[in-house]
Amino acid sequence: MTDGKRSTELDILRLLAMLAVISIHVSTTAMSWTDTLIRNIEFSAVTWCVPVYVMISGRLFLAKEKQLPISTYFKKYIVRIAVAFAFWSAIYQVMYIAMGAYDGLNWKGILAEYLTICGFSG
């Protein structure tokens with residue numbers, strides 16, 4: 001069931017995962033224990049979407065048809081992902097500073113928090 005290079009099954013799975021992600025993000029904050037129970041049931045029913053996105057990405061990223069050397073994967077993909085991650089992490093740090101989340105910290109403390117968020121400190 002493939003249409004050229006596209007996989008219909010993966011497209012359907014991606015659509016379902018997209019709807020599940022939307023469901024997670026539009027859930028409102030619970031007000032009472034019944035709201036909390038309903039939200040927890042809904043959340044439990046749709047959390048499969050995140051690992052499914054990771055698996056679909058892995059399937060497409062490591063497809064046999066590509067057969068690229070590891071250096072090409074690193075140069076072409078991993079560096080771009082790391083740069084995008086660092087860029088958006090920096091944007092969020094500016095937002096946190098503007099909101100006053102780091103009041104009382106000097107630039108070294110803010111840098112330490114940034115590196116912690118990026119996963120560079122233990």
# chains A, B, ... in the order shown; residues from 1 in each chain; ligands from 1
call {"tool": "residues_around", "arguments": {"residues": "Ile56 (chain A)", "least_positions_apart": "4", "cutoff": "9 Å", "atoms": "only C-alpha atoms", "output": "mmCIF file with all heavy atoms, in the first residue's frame"}}
result
data_model
loop_
_atom_site.group_PDB
_atom_site.id
_atom_site.type_symbol
_atom_site.label_atom_id
_atom_site.label_comp_id
_atom_site.auth_asym_id
_atom_site.auth_seq_id
_atom_site.Cartn_x
_atom_site.Cartn_y
_atom_site.Cartn_z
ATOM 1 N N LEU A 10 2.020 4.778 7.138
ATOM 2 C CA LEU A 10 2.713 5.771 7.968
ATOM 3 C C LEU A 10 1.978 7.108 7.954
ATOM 4 O O LEU A 10 1.926 7.800 8.966
ATOM 5 C CB LEU A 10 4.157 5.953 7.519
ATOM 6 C CG LEU A 10 5.115 4.807 7.834
ATOM 7 C CD1 LEU A 10 6.517 5.132 7.336
ATOM 8 C CD2 LEU A 10 5.132 4.492 9.313
ATOM 9 N N LEU A 13 -0.983 6.736 10.283
ATOM 10 C CA LEU A 13 -0.495 6.724 11.662
ATOM 11 C C LEU A 13 -0.050 8.115 12.095
ATOM 12 O O LEU A 13 -0.332 8.553 13.212
ATOM 13 C CB LEU A 13 0.655 5.724 11.788
ATOM 14 C CG LEU A 13 1.085 5.334 13.177
ATOM 15 C CD1 LEU A 13 -0.082 4.783 13.985
ATOM 16 C CD2 LEU A 13 2.198 4.304 13.100
ATOM 17 N N ARG A 14 0.590 8.834 11.194
ATOM 18 C CA ARG A 14 1.009 10.206 11.499
ATOM 19 C C ARG A 14 -0.198 11.116 11.718
ATOM 20 O O ARG A 14 -0.196 11.963 12.610
ATOM 21 C CB ARG A 14 1.869 10.744 10.351
ATOM 22 C CG ARG A 14 2.721 11.903 10.738
ATOM 23 C CD ARG A 14 3.589 12.386 9.614
ATOM 24 N NE ARG A 14 4.129 11.273 8.839
ATOM 25 C CZ ARG A 14 4.958 11.424 7.832
ATOM 26 N NH1 ARG A 14 5.338 12.615 7.458
ATOM 27 N NH2 ARG A 14 5.409 10.376 7.167
ATOM 28 N N PRO A 51 5.829 8.566 21.360
ATOM 29 C CA PRO A 51 6.746 7.522 20.889
ATOM 30 C C PRO A 51 6.478 7.101 19.445
ATOM 31 O O PRO A 51 7.409 6.729 18.723
ATOM 32 C CB PRO A 51 6.516 6.355 21.842
ATOM 33 C CG PRO A 51 5.559 6.786 22.864
ATOM 34 C CD PRO A 51 5.118 8.178 22.567
ATOM 35 N N VAL A 52 5.220 7.187 19.001
ATOM 36 C CA VAL A 52 4.920 6.837 17.611
ATOM 37 C C VAL A 52 5.602 7.820 16.660
ATOM 38 O O VAL A 52 6.171 7.414 15.644
ATOM 39 C CB VAL A 52 3.390 6.771 17.376
ATOM 40 C CG1 VAL A 52 3.045 6.778 15.894
ATOM 41 C CG2 VAL A 52 2.823 5.537 18.042
ATOM 42 N N LEU A 60 11.835 6.638 8.869
ATOM 43 C CA LEU A 60 12.116 7.430 7.669
ATOM 44 C C LEU A 60 13.561 7.922 7.640
ATOM 45 O O LEU A 60 14.173 8.015 6.575
ATOM 46 C CB LEU A 60 11.140 8.611 7.590
ATOM 47 C CG LEU A 60 9.666 8.212 7.470
ATOM 48 C CD1 LEU A 60 8.784 9.441 7.544
ATOM 49 C CD2 LEU A 60 9.409 7.419 6.202
ATOM 50 N N PHE A 61 14.109 8.213 8.799
ATOM 51 C CA PHE A 61 15.470 8.740 8.901
ATOM 52 C C PHE A 61 16.502 7.665 8.568
ATOM 53 O O PHE A 61 17.503 7.933 7.924
ATOM 54 C CB PHE A 61 15.694 9.276 10.320
ATOM 55 C CG PHE A 61 17.010 9.932 10.532
ATOM 56 C CD1 PHE A 61 17.321 11.130 9.925
ATOM 57 C CD2 PHE A 61 17.955 9.356 11.370
ATOM 58 C CE1 PHE A 61 18.542 11.754 10.133
ATOM 59 C CE2 PHE A 61 19.175 9.961 11.587
ATOM 60 C CZ PHE A 61 19.460 11.159 10.966
#
call {"tool": "select_by_dssp", "arguments": {"residues": "chain A", "states": "alpha helix (DSSP H)", "output": "compact mmCIF listing (two decimals) with N, CA, C and O atoms, in the first residue's frame"}}
result
# COMPACT_ATOMS: atom_id res chain seq x y z
N THR A 8 1.30 4.83 2.82
CA THR A 8 -0.05 5.18 3.26
C THR A 8 -0.24 4.87 4.74
O THR A 8 -0.83 5.64 5.48
N GLU A 9 0.31 3.72 5.17
CA GLU A 9 0.16 3.32 6.57
C GLU A 9 0.82 4.34 7.50
O GLU A 9 0.25 4.71 8.53
N LEU A 10 2.02 4.78 7.14
CA LEU A 10 2.71 5.77 7.97
C LEU A 10 1.98 7.11 7.95
O LEU A 10 1.93 7.80 8.97
N ASP A 11 1.41 7.47 6.80
CA ASP A 11 0.66 8.73 6.73
C ASP A 11 -0.58 8.69 7.63
O ASP A 11 -0.89 9.65 8.33
N ILE A 12 -1.29 7.56 7.63
CA ILE A 12 -2.47 7.42 8.48
C ILE A 12 -2.06 7.45 9.95
O ILE A 12 -2.69 8.12 10.77
N LEU A 13 -0.98 6.74 10.28
CA LEU A 13 -0.49 6.72 11.66
C LEU A 13 -0.05 8.12 12.10
O LEU A 13 -0.33 8.55 13.21
N ARG A 14 0.59 8.83 11.19
CA ARG A 14 1.01 10.21 11.50
C ARG A 14 -0.20 11.12 11.72
O ARG A 14 -0.20 11.96 12.61
N LEU A 15 -1.25 10.94 10.93
CA LEU A 15 -2.48 11.73 11.10
C LEU A 15 -3.11 11.44 12.46
O LEU A 15 -3.51 12.37 13.17
N LEU A 16 -3.21 10.17 12.83
CA LEU A 16 -3.78 9.82 14.13
C LEU A 16 -2.93 10.37 15.27
O LEU A 16 -3.46 10.88 16.26
N ALA A 17 -1.61 10.28 15.13
CA ALA A 17 -0.72 10.82 16.16
C ALA A 17 -0.86 12.34 16.25
O ALA A 17 -0.85 12.90 17.35
N MET A 18 -1.04 13.00 15.12
CA MET A 18 -1.22 14.45 15.12
C MET A 18 -2.49 14.83 15.88
O MET A 18 -2.49 15.74 16.71
N LEU A 19 -3.57 14.10 15.63
CA LEU A 19 -4.82 14.37 16.35
C LEU A 19 -4.67 14.11 17.85
O LEU A 19 -5.22 14.84 18.68
N ALA A 20 -3.91 13.08 18.20
CA ALA A 20 -3.67 12.79 19.62
C ALA A 20 -2.85 13.90 20.28
O ALA A 20 -3.13 14.29 21.41
N VAL A 21 -1.86 14.43 19.57
CA VAL A 21 -1.07 15.54 20.11
C VAL A 21 -1.95 16.77 20.31
O VAL A 21 -1.88 17.45 21.34
N ILE A 22 -2.81 17.05 19.35
CA ILE A 22 -3.74 18.18 19.50
C ILE A 22 -4.63 17.97 20.72
O ILE A 22 -4.86 18.89 21.50
N SER A 23 -5.10 16.75 20.90
CA SER A 23 -5.93 16.44 22.06
C SER A 23 -5.20 16.70 23.37
O SER A 23 -5.77 17.24 24.32
N ILE A 24 -3.93 16.34 23.43
CA ILE A 24 -3.14 16.59 24.63
C ILE A 24 -3.03 18.09 24.90
O ILE A 24 -3.20 18.56 26.01
N HIS A 25 -2.78 18.86 23.83
CA HIS A 25 -2.52 20.29 24.01
C HIS A 25 -3.78 21.12 24.27
O HIS A 25 -3.67 22.21 24.83
N VAL A 26 -4.94 20.64 23.86
CA VAL A 26 -6.14 21.43 24.11
C VAL A 26 -6.86 21.04 25.39
O VAL A 26 -7.86 21.65 25.74
N TRP A 33 -11.97 16.87 41.13
CA TRP A 33 -11.40 15.53 41.02
C TRP A 33 -11.98 14.78 39.83
O TRP A 33 -11.29 13.98 39.20
N THR A 34 -13.23 15.04 39.45
CA THR A 34 -13.80 14.36 38.29
C THR A 34 -13.16 14.88 37.00
O THR A 34 -12.88 14.10 36.10
N ASP A 35 -12.91 16.19 36.95
CA ASP A 35 -12.20 16.75 35.80
C ASP A 35 -10.81 16.15 35.70
O ASP A 35 -10.32 15.83 34.62
N THR A 36 -10.15 16.02 36.85
CA THR A 36 -8.81 15.43 36.87
C THR A 36 -8.85 14.00 36.39
O THR A 36 -8.00 13.57 35.59
N LEU A 37 -9.83 13.24 36.83
CA LEU A 37 -9.97 11.84 36.42
C LEU A 37 -10.18 11.74 34.91
O LEU A 37 -9.52 10.95 34.23
N ILE A 38 -11.08 12.55 34.39
CA ILE A 38 -11.36 12.53 32.95
C ILE A 38 -10.12 12.94 32.16
O ILE A 38 -9.77 12.31 31.16
N ARG A 39 -9.43 13.97 32.62
CA ARG A 39 -8.21 14.43 31.92
C ARG A 39 -7.13 13.35 31.97
O ARG A 39 -6.44 13.12 30.99
N ASN A 40 -6.99 12.66 33.10
CA ASN A 40 -5.99 11.60 33.20
C ASN A 40 -6.32 10.42 32.29
O ASN A 40 -5.43 9.84 31.68
N ILE A 41 -7.59 10.09 32.18
CA ILE A 41 -8.00 9.00 31.28
C ILE A 41 -7.70 9.39 29.84
O ILE A 41 -7.14 8.61 29.06
N GLU A 42 -8.07 10.62 29.47
CA GLU A 42 -7.81 11.10 28.11
C GLU A 42 -6.31 11.11 27.83
O GLU A 42 -5.86 10.64 26.78
N PHE A 43 -5.55 11.65 28.77
CA PHE A 43 -4.10 11.74 28.59
C PHE A 43 -3.49 10.34 28.45
O PHE A 43 -2.66 10.11 27.58
N SER A 44 -3.94 9.41 29.26
CA SER A 44 -3.43 8.03 29.18
C SER A 44 -3.79 7.39 27.85
O SER A 44 -3.04 6.57 27.33
N ALA A 45 -4.94 7.76 27.30
CA ALA A 45 -5.38 7.16 26.05
C ALA A 45 -4.62 7.69 24.83
O ALA A 45 -4.59 7.01 23.80
N VAL A 46 -3.99 8.85 24.95
CA VAL A 46 -3.35 9.45 23.76
C VAL A 46 -1.84 9.64 23.89
O VAL A 46 -1.22 10.12 22.94
N CYS A 49 1.13 8.82 21.25
CA CYS A 49 1.46 9.59 20.05
C CYS A 49 2.93 10.04 20.01
O CYS A 49 3.54 10.05 18.94
N VAL A 50 3.50 10.37 21.15
CA VAL A 50 4.88 10.87 21.14
C VAL A 50 5.87 9.76 20.74
O VAL A 50 6.67 9.96 19.82
N PRO A 51 5.83 8.57 21.36
CA PRO A 51 6.75 7.52 20.89
C PRO A 51 6.48 7.10 19.44
O PRO A 51 7.41 6.73 18.72
N VAL A 52 5.22 7.19 19.00
CA VAL A 52 4.92 6.84 17.61
C VAL A 52 5.60 7.82 16.66
O VAL A 52 6.17 7.41 15.64
N TYR A 53 5.56 9.12 16.98
CA TYR A 53 6.27 10.10 16.16
C TYR A 53 7.77 9.78 16.11
O TYR A 53 8.40 9.86 15.06
N VAL A 54 8.35 9.42 17.24
CA VAL A 54 9.78 9.08 17.28
C VAL A 54 10.05 7.86 16.40
O VAL A 54 11.03 7.83 15.63
N MET A 55 9.19 6.85 16.48
CA MET A 55 9.40 5.64 15.67
C MET A 55 9.23 5.92 14.18
O MET A 55 9.99 5.40 13.36
N ILE A 56 8.24 6.73 13.82
CA ILE A 56 8.06 7.07 12.41
C ILE A 56 9.28 7.84 11.91
O ILE A 56 9.80 7.57 10.81
N SER A 57 9.75 8.79 12.70
CA SER A 57 10.93 9.55 12.30
C SER A 57 12.14 8.64 12.13
O SER A 57 12.91 8.77 11.16
N GLY A 58 12.32 7.71 13.06
CA GLY A 58 13.42 6.76 12.95
C GLY A 58 13.31 5.90 11.71
O GLY A 58 14.29 5.64 11.02
N ARG A 59 12.10 5.45 11.40
CA ARG A 59 11.88 4.62 10.21
C ARG A 59 12.23 5.38 8.94
O ARG A 59 12.87 4.86 8.03
N LEU A 60 11.84 6.64 8.87
CA LEU A 60 12.12 7.43 7.67
C LEU A 60 13.56 7.92 7.64
O LEU A 60 14.17 8.02 6.58
N PHE A 61 14.11 8.21 8.80
CA PHE A 61 15.47 8.74 8.90
C PHE A 61 16.50 7.66 8.57
O PHE A 61 17.50 7.93 7.92
N ILE A 70 27.79 7.39 7.99
CA ILE A 70 27.49 8.05 9.26
C ILE A 70 27.93 9.51 9.26
O ILE A 70 27.29 10.35 9.87
N SER A 71 29.02 9.82 8.57
CA SER A 71 29.49 11.22 8.53
C SER A 71 28.46 12.12 7.85
O SER A 71 28.25 13.26 8.26
N THR A 72 27.78 11.61 6.84
CA THR A 72 26.74 12.39 6.16
C THR A 72 25.55 12.61 7.08
O THR A 72 25.01 13.72 7.14
N TYR A 73 25.15 11.56 7.81
CA TYR A 73 24.07 11.73 8.79
C TYR A 73 24.44 12.81 9.79
O TYR A 73 23.63 13.66 10.12
N VAL A 79 23.78 17.93 13.14
CA VAL A 79 24.24 19.30 13.39
C VAL A 79 23.08 20.28 13.23
O VAL A 79 22.90 21.18 14.05
N ARG A 80 22.24 20.09 12.21
CA ARG A 80 21.08 20.97 12.03
C ARG A 80 20.11 20.88 13.20
O ARG A 80 19.58 21.89 13.65
N ILE A 81 19.88 19.67 13.68
CA ILE A 81 18.98 19.49 14.83
C ILE A 81 19.58 20.16 16.06
O ILE A 81 18.87 20.84 16.81
N ALA A 82 20.87 19.98 16.29
CA ALA A 82 21.52 20.58 17.46
C ALA A 82 21.47 22.11 17.39
O ALA A 82 21.23 22.77 18.40
N VAL A 83 21.70 22.67 16.22
CA VAL A 83 21.65 24.13 16.06
C VAL A 83 20.23 24.64 16.32
O VAL A 83 20.04 25.62 17.05
N ALA A 84 19.22 23.97 15.78
CA ALA A 84 17.83 24.38 16.00
C ALA A 84 17.47 24.27 17.49
O ALA A 84 16.83 25.16 18.05
N PHE A 85 17.91 23.19 18.13
CA PHE A 85 17.64 23.00 19.55
C PHE A 85 18.29 24.10 20.38
O PHE A 85 17.65 24.69 21.26
N ALA A 86 19.56 24.41 20.10
CA ALA A 86 20.26 25.47 20.84
C ALA A 86 19.60 26.83 20.60
O ALA A 86 19.44 27.63 21.53
N PHE A 87 19.21 27.11 19.36
CA PHE A 87 18.56 28.38 19.03
C PHE A 87 17.26 28.54 19.83
O PHE A 87 17.05 29.57 20.47
N TRP A 88 16.38 27.54 19.78
CA TRP A 88 15.10 27.67 20.48
C TRP A 88 15.27 27.65 21.99
O TRP A 88 14.52 28.31 22.71
N SER A 89 16.28 26.94 22.47
CA SER A 89 16.56 26.98 23.91
C SER A 89 16.97 28.39 24.32
O SER A 89 16.58 28.88 25.38
N ALA A 90 17.76 29.06 23.47
CA ALA A 90 18.18 30.43 23.76
C ALA A 90 16.97 31.38 23.74
O ALA A 90 16.87 32.27 24.59
N ILE A 91 16.06 31.17 22.79
CA ILE A 91 14.84 31.99 22.74
C ILE A 91 14.06 31.84 24.04
O ILE A 91 13.60 32.82 24.64
N TYR A 92 13.92 30.60 24.51
CA TYR A 92 13.20 30.37 25.77
C TYR A 92 13.94 30.99 26.95
O TYR A 92 13.31 31.48 27.89
N GLN A 93 15.26 30.98 26.93
CA GLN A 93 16.02 31.61 28.02
C GLN A 93 15.74 33.10 28.07
O GLN A 93 15.56 33.68 29.15
N VAL A 94 15.69 33.76 26.92
CA VAL A 94 15.37 35.19 26.87
C VAL A 94 13.97 35.42 27.42
O VAL A 94 13.74 36.36 28.20
N MET A 95 13.04 34.54 27.08
CA MET A 95 11.68 34.65 27.58
C MET A 95 11.65 34.48 29.11
O MET A 95 10.98 35.23 29.81
N TYR A 96 12.40 33.50 29.62
CA TYR A 96 12.46 33.29 31.07
C TYR A 96 13.06 34.50 31.78
O TYR A 96 12.59 34.90 32.85
N ILE A 97 14.09 35.09 31.20
CA ILE A 97 14.70 36.28 31.79
C ILE A 97 13.69 37.42 31.82
O ILE A 97 13.53 38.11 32.83
N ALA A 98 12.97 37.60 30.70
CA ALA A 98 11.97 38.68 30.62
C ALA A 98 10.84 38.47 31.63
O ALA A 98 10.30 39.44 32.16
N MET A 99 10.50 37.22 31.94
CA MET A 99 9.44 36.93 32.90
C MET A 99 9.93 37.00 34.34
O MET A 99 9.14 36.88 35.26
N TRP A 107 25.01 36.42 35.10
CA TRP A 107 25.07 35.79 33.78
C TRP A 107 25.61 34.37 33.85
O TRP A 107 25.21 33.51 33.06
N LYS A 108 26.47 34.08 34.82
CA LYS A 108 26.99 32.71 34.96
C LYS A 108 25.88 31.76 35.41
O LYS A 108 25.79 30.62 34.94
N GLY A 109 25.02 32.22 36.31
CA GLY A 109 23.90 31.40 36.76
C GLY A 109 22.91 31.14 35.64
O GLY A 109 22.38 30.04 35.50
N ILE A 110 22.66 32.17 34.84
CA ILE A 110 21.74 32.02 33.70
C ILE A 110 22.34 31.05 32.69
O ILE A 110 21.64 30.17 32.16
N LEU A 111 23.65 31.16 32.42
CA LEU A 111 24.31 30.24 31.50
C LEU A 111 24.25 28.82 32.03
O LEU A 111 24.00 27.87 31.28
N ALA A 112 24.44 28.65 33.33
CA ALA A 112 24.35 27.32 33.93
C ALA A 112 22.95 26.74 33.76
O ALA A 112 22.79 25.55 33.46
N GLU A 113 21.91 27.57 33.94
CA GLU A 113 20.54 27.11 33.74
C GLU A 113 20.31 26.73 32.28
O GLU A 113 19.67 25.71 31.99
N TYR A 114 20.83 27.52 31.36
CA TYR A 114 20.69 27.23 29.93
C TYR A 114 21.35 25.90 29.59
O TYR A 114 20.76 25.07 28.89
N LEU A 115 22.55 25.68 30.10
CA LEU A 115 23.25 24.42 29.82
C LEU A 115 22.53 23.23 30.45
O LEU A 115 22.51 22.14 29.88
N THR A 116 21.92 23.45 31.59
CA THR A 116 21.14 22.38 32.22
C THR A 116 19.94 22.01 31.37
O THR A 116 19.65 20.83 31.15
N ILE A 117 19.23 23.01 30.86
CA ILE A 117 18.07 22.77 30.01
C ILE A 117 18.50 22.07 28.73
O ILE A 117 17.81 21.17 28.25
N CYS A 118 19.65 22.43 28.18
CA CYS A 118 20.14 21.79 26.95
C CYS A 118 20.70 20.40 27.21
O CYS A 118 21.02 19.68 26.29
call {"tool": "atom_distance", "arguments": {"atom1": "CA of Arg6 (chain A)", "atom2": "CA of Leu68 (chain A)"}}
result
19.6 Å
call {"tool": "select_by_dssp", "arguments": {"residues": "chain A", "states": "strand (DSSP E)", "output": "list of chain:residue names"}}
result
A:Thr2, A:Asp3, A:Arg6, A:Ser7
